[in-house]
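A.B. asks: The structure's right below; bear with me while I get my questions together.
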Amino acid sequence: MTPGTRPPANGQQDGRIDVVVHLGFAVLMVASGVRYIMRHSPADNLWTVALAAAVCALYAVTAALAHPRHRPRRQRRNQWIPWMIALVAAWSTLVIVAPSFAWCSFAIFFLARRAFRGWAGYAASGVTAAATAVGLFRMSGWTDVAMLLGPLAAGALLTLIYDKIERDQEQLAATEREAGIATERERVSREIHDTVTQGLASSLLLLEAAQRSWPDGSAQRDVAKASELLRRNLADTRSLVHELSAPGLESGPLPEALQHAARQYVDTIDVHVTGQARPIPVEVRHALLRVTQSAAANIKLHAHAAHASVTLGYLPEAVTLDVYDDGRGFDPGAVPLPSATGGYGLRAMRQRVEQLGGELSVESSPGEGTIIAAQLPLGPRTGPSREGM
């Protein structure tokens, strides 16, 4: 794994764990601070308490920036990295100078693993365990080896447990994606049966009836009805093909594929690229193309925009897609429920993105245009990838 930030964490369970960790840190810091003040002179207290206060401030900022609600925005995504580095450095200094604060190492360990992944996460948690070990060993007068080895062993054990939990979560996510694919296949098969198959069967019956009664007037009526049914089936087939396949999905540069997909609906739309292009998993590429198609279709049908654009962004651990138009906008909170007349677009986009562990947001208001922003993580690949350049 490469160093960097962790992908977005989802679910109420992760949120509850974060709350417990943060509350535990606060309680332990207060208890450790009181213990230190009671056991040391005022001259020793001043600088140590100031350093402890700085650690608390750094922890609060880092925990706030690393919270999932801040992660969809690319401008904020990497902001907590320097804060986490500063926190680990300040904490290491504090626990070596004042081992009374060693109990707070657990919260620092978990926050480091939440903020970093790969070797960066191992390094941050390792520094935390090592600093705790040195501080406790120093407190024992450099004589109690258990004080030195205990934190190191605890850090190694927590690392193994945390890695096991991560692997289980990844396997669960993969299982959920496979279930989503199976559901999508079932839905498409129903669509084909209820539209194309039934329509073709009806058309065949009409043509056979026309053949039997030709050249009577009823034959012409049957042929006209069959022609109309075939036109409808052609439209249904095109719609299904458009849904199941995307231009340039299997090969070709991703920006060009996105532009081709968008210009099926908006002739003047342009695609801009930010960041360093990199290989993109096939399922992520497909999702980006489908979101672009759906968003561009909405622009053509509803926005009445003078200008529209697509921005593809490459981040260290994710890829982002922003579709903007300066049209008439709408109130996202007042979107009607899906019905026979439409309304499936935004919900389908959100479901497609969330099935891959991503997030989709809609920013719009009447008269102010619309931005549809999607962010998809680029985690461990489960299938072939295509170059996103």
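By convention here, the chains of the structure tokens are called A, B, ... in the order presented, each chain's residues are numbered starting at 1, and ligands are numbered starting at 1 in the order presented.
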Tell me, counting only C-alpha atoms, for each residue of stretch 89-153 of chain A within 9 Å of stretch 16-22 of chain A, which pair of atoms is nearest and how far apart they are in Å to one decimal, in rows ordered by chain and increasing number, as JSON lines.

C.D. replies:
{"residue": "A:Phe106", "atom": "CA", "partner": "A:Val21", "partner_atom": "CA", "distance": 8.3}
{"residue": "A:Ala107", "atom": "CA", "partner": "A:Val21", "partner_atom": "CA", "distance": 5.7}
{"residue": "A:Ile108", "atom": "CA", "partner": "A:Val21", "partner_atom": "CA", "distance": 9.0}
{"residue": "A:Phe110", "atom": "CA", "partner": "A:Val21", "partner_atom": "CA", "distance": 7.7}
{"residue": "A:Leu111", "atom": "CA", "partner": "A:Val21", "partner_atom": "CA", "distance": 8.2}

A.B. asks: For the residues selected in the previous step, produce a file with all heavy atoms as a PDB file, in the first residue's frame.

C.D. replies:
ATOM      1  N   PHE A 106      -3.476   4.713  23.582  1.00  0.00           N
ATOM      2  CA  PHE A 106      -4.431   3.908  22.830  1.00  0.00           C
ATOM      3  C   PHE A 106      -5.233   4.771  21.856  1.00  0.00           C
ATOM      4  O   PHE A 106      -5.430   4.402  20.698  1.00  0.00           O
ATOM      5  CB  PHE A 106      -5.378   3.180  23.791  1.00  0.00           C
ATOM      6  CG  PHE A 106      -4.706   2.111  24.600  1.00  0.00           C
ATOM      7  CD1 PHE A 106      -4.324   2.347  25.912  1.00  0.00           C
ATOM      8  CD2 PHE A 106      -4.429   0.875  24.040  1.00  0.00           C
ATOM      9  CE1 PHE A 106      -3.700   1.365  26.660  1.00  0.00           C
ATOM     10  CE2 PHE A 106      -3.808  -0.119  24.776  1.00  0.00           C
ATOM     11  CZ  PHE A 106      -3.435   0.133  26.093  1.00  0.00           C
ATOM     12  N   ALA A 107      -5.693   5.924  22.327  1.00  0.00           N
ATOM     13  CA  ALA A 107      -6.473   6.804  21.459  1.00  0.00           C
ATOM     14  C   ALA A 107      -5.623   7.335  20.311  1.00  0.00           C
ATOM     15  O   ALA A 107      -6.087   7.438  19.171  1.00  0.00           O
ATOM     16  CB  ALA A 107      -7.059   7.961  22.268  1.00  0.00           C
ATOM     17  N   ILE A 108      -4.371   7.690  20.597  1.00  0.00           N
ATOM     18  CA  ILE A 108      -3.470   8.172  19.546  1.00  0.00           C
ATOM     19  C   ILE A 108      -3.249   7.077  18.510  1.00  0.00           C
ATOM     20  O   ILE A 108      -3.217   7.324  17.296  1.00  0.00           O
ATOM     21  CB  ILE A 108      -2.126   8.624  20.145  1.00  0.00           C
ATOM     22  CG1 ILE A 108      -2.342   9.709  21.209  1.00  0.00           C
ATOM     23  CG2 ILE A 108      -1.195   9.131  19.055  1.00  0.00           C
ATOM     24  CD1 ILE A 108      -2.920  10.984  20.674  1.00  0.00           C
ATOM     25  N   PHE A 110      -5.285   4.564  17.620  1.00  0.00           N
ATOM     26  CA  PHE A 110      -6.442   4.371  16.764  1.00  0.00           C
ATOM     27  C   PHE A 110      -6.656   5.547  15.817  1.00  0.00           C
ATOM     28  O   PHE A 110      -7.033   5.366  14.657  1.00  0.00           O
ATOM     29  CB  PHE A 110      -7.699   4.144  17.610  1.00  0.00           C
ATOM     30  CG  PHE A 110      -7.780   2.759  18.186  1.00  0.00           C
ATOM     31  CD1 PHE A 110      -7.588   2.530  19.532  1.00  0.00           C
ATOM     32  CD2 PHE A 110      -8.028   1.672  17.366  1.00  0.00           C
ATOM     33  CE1 PHE A 110      -7.651   1.257  20.059  1.00  0.00           C
ATOM     34  CE2 PHE A 110      -8.088   0.391  17.883  1.00  0.00           C
ATOM     35  CZ  PHE A 110      -7.906   0.175  19.233  1.00  0.00           C
ATOM     36  N   LEU A 111      -6.404   6.769  16.287  1.00  0.00           N
ATOM     37  CA  LEU A 111      -6.545   7.920  15.410  1.00  0.00           C
ATOM     38  C   LEU A 111      -5.514   7.873  14.286  1.00  0.00           C
ATOM     39  O   LEU A 111      -5.818   8.213  13.135  1.00  0.00           O
ATOM     40  CB  LEU A 111      -6.394   9.220  16.209  1.00  0.00           C
ATOM     41  CG  LEU A 111      -6.639  10.516  15.412  1.00  0.00           C
ATOM     42  CD1 LEU A 111      -8.058  10.541  14.844  1.00  0.00           C
ATOM     43  CD2 LEU A 111      -6.414  11.735  16.298  1.00  0.00           C
TER      44      LEU A 111
END

A.B. asks: For A:Met84, please output as a PDB file with N, CA and C atoms, in the first residue's frame all residues within 10 Å (counting only C-alpha atoms; exclusion window: fewer than 6 positions along the same chain).

C.D. replies:
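Saved the output as result_8.pdb:
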ATOM      1  N   LEU A  58      -4.128  19.670  19.153  1.00  0.00           N
ATOM      2  CA  LEU A  58      -3.797  18.963  17.916  1.00  0.00           C
ATOM      3  C   LEU A  58      -4.721  17.766  17.701  1.00  0.00           C
ATOM      4  N   TYR A  59      -5.006  17.052  18.780  1.00  0.00           N
ATOM      5  CA  TYR A  59      -5.910  15.902  18.677  1.00  0.00           C
ATOM      6  C   TYR A  59      -7.294  16.356  18.216  1.00  0.00           C
ATOM      7  N   VAL A  61      -8.211  19.033  16.493  1.00  0.00           N
ATOM      8  CA  VAL A  61      -8.199  19.467  15.093  1.00  0.00           C
ATOM      9  C   VAL A  61      -8.102  18.260  14.162  1.00  0.00           C
ATOM     10  N   THR A  62      -7.198  17.333  14.486  1.00  0.00           N
ATOM     11  CA  THR A  62      -7.007  16.163  13.638  1.00  0.00           C
ATOM     12  C   THR A  62      -8.267  15.301  13.594  1.00  0.00           C
ATOM     13  N   ALA A  63      -8.885  15.078  14.737  1.00  0.00           N
ATOM     14  CA  ALA A  63     -10.099  14.263  14.781  1.00  0.00           C
ATOM     15  C   ALA A  63     -11.229  14.919  13.985  1.00  0.00           C
ATOM     16  N   LEU A  65     -10.887  17.059  11.364  1.00  0.00           N
ATOM     17  CA  LEU A  65     -10.583  17.018   9.932  1.00  0.00           C
ATOM     18  C   LEU A  65     -10.676  15.615   9.369  1.00  0.00           C
ATOM     19  N   ALA A  66     -10.382  14.606  10.178  1.00  0.00           N
ATOM     20  CA  ALA A  66     -10.426  13.217   9.709  1.00  0.00           C
ATOM     21  C   ALA A  66     -11.828  12.639   9.741  1.00  0.00           C
ATOM     22  N   ALA A  90       4.287  15.655  18.869  1.00  0.00           N
ATOM     23  CA  ALA A  90       4.065  16.283  20.174  1.00  0.00           C
ATOM     24  C   ALA A  90       3.741  15.232  21.237  1.00  0.00           C
ATOM     25  N   ILE A 108      -4.371   7.690  20.597  1.00  0.00           N
ATOM     26  CA  ILE A 108      -3.470   8.172  19.546  1.00  0.00           C
ATOM     27  C   ILE A 108      -3.249   7.077  18.510  1.00  0.00           C
ATOM     28  N   LEU A 111      -6.404   6.769  16.287  1.00  0.00           N
ATOM     29  CA  LEU A 111      -6.545   7.920  15.410  1.00  0.00           C
ATOM     30  C   LEU A 111      -5.514   7.873  14.286  1.00  0.00           C
ATOM     31  N   ALA A 112      -4.295   7.442  14.590  1.00  0.00           N
ATOM     32  CA  ALA A 112      -3.265   7.316  13.563  1.00  0.00           C
ATOM     33  C   ALA A 112      -3.671   6.294  12.502  1.00  0.00           C
ATOM     34  N   ALA A 115      -6.347   7.770  10.269  1.00  0.00           N
ATOM     35  CA  ALA A 115      -5.919   8.852   9.391  1.00  0.00           C
ATOM     36  C   ALA A 115      -5.004   8.373   8.282  1.00  0.00           C
ATOM     37  N   PHE A 116      -4.203   7.330   8.556  1.00  0.00           N
ATOM     38  CA  PHE A 116      -3.222   6.857   7.581  1.00  0.00           C
ATOM     39  C   PHE A 116      -3.525   5.427   7.172  1.00  0.00           C
ATOM     40  N   ALA A 124       3.254   5.556  12.054  1.00  0.00           N
ATOM     41  CA  ALA A 124       2.681   6.440  13.067  1.00  0.00           C
ATOM     42  C   ALA A 124       2.342   5.677  14.348  1.00  0.00           C
TER      43      ALA A 124
END

A.B. asks: Between atom CA of A:Leu312 and atom CA of A:Thr175, what is the distance, to one decimal in Å?

C.D. replies: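 Atom CA of A:Thr175 lies 28.1 Å from atom CA of A:Leu312.
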
A.B. asks: Interatomic distance between atom CA of A:Val319 and atom CA of A:Leu288?

C.D. replies: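 Computing it gives 9.2 Å between the two atoms.
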
A.B. asks: Hey, which of A:Ala123, A:Ala261, A:Arg113, A:Ala53 ends up closest to A:Trp91? Count only C-alpha atoms.

C.D. replies: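 Of A:Ala123, A:Ala261, A:Arg113, A:Ala53, the one nearest A:Trp91 is A:Ala53, counting only C-alpha atoms.
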
A.B. asks: Extract, using only C-alpha atoms, all DNA, RNA and protein residues at most 9 Å from stretch 262-279 of chain A, discarding same-chain residues fewer than 3 positions from it, and format them as an mmCIF file with N, CA, C and O atoms, in the first residue's frame.

C.D. replies:
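Listed below is the output, selection.cif:
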data_model
loop_
_atom_site.group_PDB
_atom_site.id
_atom_site.type_symbol
_atom_site.label_atom_id
_atom_site.label_comp_id
_atom_site.auth_asym_id
_atom_site.auth_seq_id
_atom_site.Cartn_x
_atom_site.Cartn_y
_atom_site.Cartn_z
ATOM 1 N N PRO A 255 -10.702 10.514 -20.014
ATOM 2 C CA PRO A 255 -11.295 11.829 -20.309
ATOM 3 C C PRO A 255 -12.029 11.861 -21.642
ATOM 4 O O PRO A 255 -13.106 12.461 -21.751
ATOM 5 N N GLU A 256 -11.467 11.213 -22.679
ATOM 6 C CA GLU A 256 -12.134 11.193 -23.974
ATOM 7 C C GLU A 256 -13.431 10.390 -23.909
ATOM 8 O O GLU A 256 -14.440 10.767 -24.534
ATOM 9 N N ALA A 257 -13.421 9.291 -23.165
ATOM 10 C CA ALA A 257 -14.643 8.502 -23.010
ATOM 11 C C ALA A 257 -15.725 9.300 -22.289
ATOM 12 O O ALA A 257 -16.906 9.253 -22.659
ATOM 13 N N LEU A 258 -15.332 10.042 -21.259
ATOM 14 C CA LEU A 258 -16.298 10.881 -20.541
ATOM 15 C C LEU A 258 -16.863 11.964 -21.455
ATOM 16 O O LEU A 258 -18.071 12.242 -21.431
ATOM 17 N N GLN A 259 -16.010 12.575 -22.273
ATOM 18 C CA GLN A 259 -16.485 13.619 -23.176
ATOM 19 C C GLN A 259 -17.433 13.041 -24.224
ATOM 20 O O GLN A 259 -18.465 13.643 -24.542
ATOM 21 N N LEU A 289 -18.463 6.807 -16.048
ATOM 22 C CA LEU A 289 -19.127 7.009 -17.331
ATOM 23 C C LEU A 289 -20.643 7.078 -17.174
ATOM 24 O O LEU A 289 -21.307 7.933 -17.772
ATOM 25 N N THR A 292 -21.659 10.359 -15.564
ATOM 26 C CA THR A 292 -21.531 11.440 -16.548
ATOM 27 C C THR A 292 -22.688 11.420 -17.527
ATOM 28 O O THR A 292 -23.287 12.461 -17.843
ATOM 29 N N GLN A 293 -23.039 10.245 -18.036
ATOM 30 C CA GLN A 293 -24.158 10.134 -18.968
ATOM 31 C C GLN A 293 -25.460 10.609 -18.334
ATOM 32 O O GLN A 293 -26.217 11.384 -18.931
ATOM 33 N N SER A 294 -25.725 10.142 -17.127
ATOM 34 C CA SER A 294 -26.979 10.495 -16.467
ATOM 35 C C SER A 294 -27.046 11.980 -16.153
ATOM 36 O O SER A 294 -28.081 12.627 -16.343
ATOM 37 N N ALA A 295 -25.918 12.539 -15.666
ATOM 38 C CA ALA A 295 -25.899 13.967 -15.345
ATOM 39 C C ALA A 295 -26.070 14.808 -16.606
ATOM 40 O O ALA A 295 -26.799 15.814 -16.606
ATOM 41 N N ALA A 296 -25.407 14.412 -17.706
ATOM 42 C CA ALA A 296 -25.544 15.168 -18.956
ATOM 43 C C ALA A 296 -26.962 15.077 -19.501
ATOM 44 O O ALA A 296 -27.504 16.057 -20.049
ATOM 45 N N ALA A 297 -27.597 13.898 -19.361
ATOM 46 C CA ALA A 297 -28.988 13.759 -19.789
ATOM 47 C C ALA A 297 -29.903 14.685 -18.992
ATOM 48 O O ALA A 297 -30.815 15.315 -19.548
ATOM 49 N N ASN A 298 -29.660 14.805 -17.689
ATOM 50 C CA ASN A 298 -30.460 15.715 -16.871
ATOM 51 C C ASN A 298 -30.261 17.167 -17.300
ATOM 52 O O ASN A 298 -31.209 17.968 -17.284
ATOM 53 N N ILE A 299 -29.016 17.510 -17.667
ATOM 54 C CA ILE A 299 -28.763 18.879 -18.136
ATOM 55 C C ILE A 299 -29.584 19.174 -19.384
ATOM 56 O O ILE A 299 -30.209 20.231 -19.517
ATOM 57 N N LYS A 300 -29.588 18.233 -20.328
ATOM 58 C CA LYS A 300 -30.333 18.426 -21.580
ATOM 59 C C LYS A 300 -31.834 18.510 -21.335
ATOM 60 O O LYS A 300 -32.533 19.351 -21.924
ATOM 61 N N LEU A 301 -32.345 17.662 -20.434
ATOM 62 C CA LEU A 301 -33.783 17.587 -20.231
ATOM 63 C C LEU A 301 -34.327 18.706 -19.355
ATOM 64 O O LEU A 301 -35.450 19.179 -19.573
ATOM 65 N N HIS A 307 -23.929 26.816 -20.384
ATOM 66 C CA HIS A 307 -22.583 26.267 -20.294
ATOM 67 C C HIS A 307 -22.594 25.078 -19.329
ATOM 68 O O HIS A 307 -23.289 25.099 -18.309
ATOM 69 N N ALA A 308 -21.814 24.060 -19.673
ATOM 70 C CA ALA A 308 -21.678 22.893 -18.795
ATOM 71 C C ALA A 308 -20.259 22.347 -18.939
ATOM 72 O O ALA A 308 -19.624 22.498 -19.990
ATOM 73 N N SER A 309 -19.776 21.707 -17.882
ATOM 74 C CA SER A 309 -18.415 21.165 -17.908
ATOM 75 C C SER A 309 -18.332 19.952 -17.002
ATOM 76 O O SER A 309 -19.131 19.790 -16.070
ATOM 77 N N VAL A 310 -17.331 19.114 -17.286
ATOM 78 C CA VAL A 310 -17.034 17.937 -16.484
ATOM 79 C C VAL A 310 -15.592 18.037 -16.030
ATOM 80 O O VAL A 310 -14.703 18.320 -16.835
ATOM 81 N N THR A 311 -15.340 17.816 -14.730
ATOM 82 C CA THR A 311 -13.981 17.855 -14.183
ATOM 83 C C THR A 311 -13.668 16.506 -13.569
ATOM 84 O O THR A 311 -14.370 16.045 -12.672
ATOM 85 N N LEU A 312 -12.621 15.889 -14.080
ATOM 86 C CA LEU A 312 -12.139 14.607 -13.571
ATOM 87 C C LEU A 312 -10.891 14.865 -12.749
ATOM 88 O O LEU A 312 -9.930 15.459 -13.241
ATOM 89 N N GLY A 313 -10.883 14.440 -11.493
ATOM 90 C CA GLY A 313 -9.758 14.714 -10.591
ATOM 91 C C GLY A 313 -9.156 13.433 -10.040
ATOM 92 O O GLY A 313 -9.871 12.527 -9.609
ATOM 93 N N TYR A 314 -7.828 13.365 -10.077
ATOM 94 C CA TYR A 314 -7.103 12.222 -9.533
ATOM 95 C C TYR A 314 -6.491 12.611 -8.188
ATOM 96 O O TYR A 314 -5.689 13.558 -8.114
ATOM 97 N N LEU A 315 -6.861 11.902 -7.122
ATOM 98 C CA LEU A 315 -6.319 12.092 -5.786
ATOM 99 C C LEU A 315 -5.449 10.886 -5.428
ATOM 100 O O LEU A 315 -5.494 9.855 -6.110
ATOM 101 N N PRO A 316 -4.648 10.974 -4.360
ATOM 102 C CA PRO A 316 -3.784 9.842 -4.008
ATOM 103 C C PRO A 316 -4.532 8.534 -3.808
ATOM 104 O O PRO A 316 -4.046 7.477 -4.192
ATOM 105 N N SER A 385 -7.765 -3.560 -14.386
ATOM 106 C CA SER A 385 -7.843 -2.107 -14.421
ATOM 107 C C SER A 385 -7.545 -1.628 -15.827
ATOM 108 O O SER A 385 -6.883 -2.300 -16.621
ATOM 109 N N ARG A 386 -8.020 -0.448 -16.122
ATOM 110 C CA ARG A 386 -7.744 0.205 -17.384
ATOM 111 C C ARG A 386 -7.065 1.534 -17.104
ATOM 112 O O ARG A 386 -7.369 2.205 -16.112
ATOM 113 N N GLU A 387 -6.193 1.922 -17.992
ATOM 114 C CA GLU A 387 -5.449 3.158 -17.787
ATOM 115 C C GLU A 387 -6.393 4.329 -17.855
ATOM 116 O O GLU A 387 -7.184 4.484 -18.802
ATOM 117 N N GLY A 388 -6.359 5.172 -16.828
ATOM 118 C CA GLY A 388 -7.259 6.317 -16.783
ATOM 119 C C GLY A 388 -6.685 7.549 -17.418
ATOM 120 O O GLY A 388 -7.208 8.636 -17.247
ATOM 121 N N MET A 389 -5.573 7.452 -18.117
ATOM 122 C CA MET A 389 -4.927 8.614 -18.691
ATOM 123 C C MET A 389 -5.659 9.060 -19.968
ATOM 124 O O MET A 389 -6.281 8.290 -20.641
#

A.B. asks: So, counting only C-alpha atoms, which residue among A:Ile372, A:Leu51, A:Ala120, A:Leu254 is closest to A:Thr93?

C.D. replies: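 Comparing A:Ile372, A:Leu51, A:Ala120, A:Leu254 against A:Thr93, the winner is A:Leu51.
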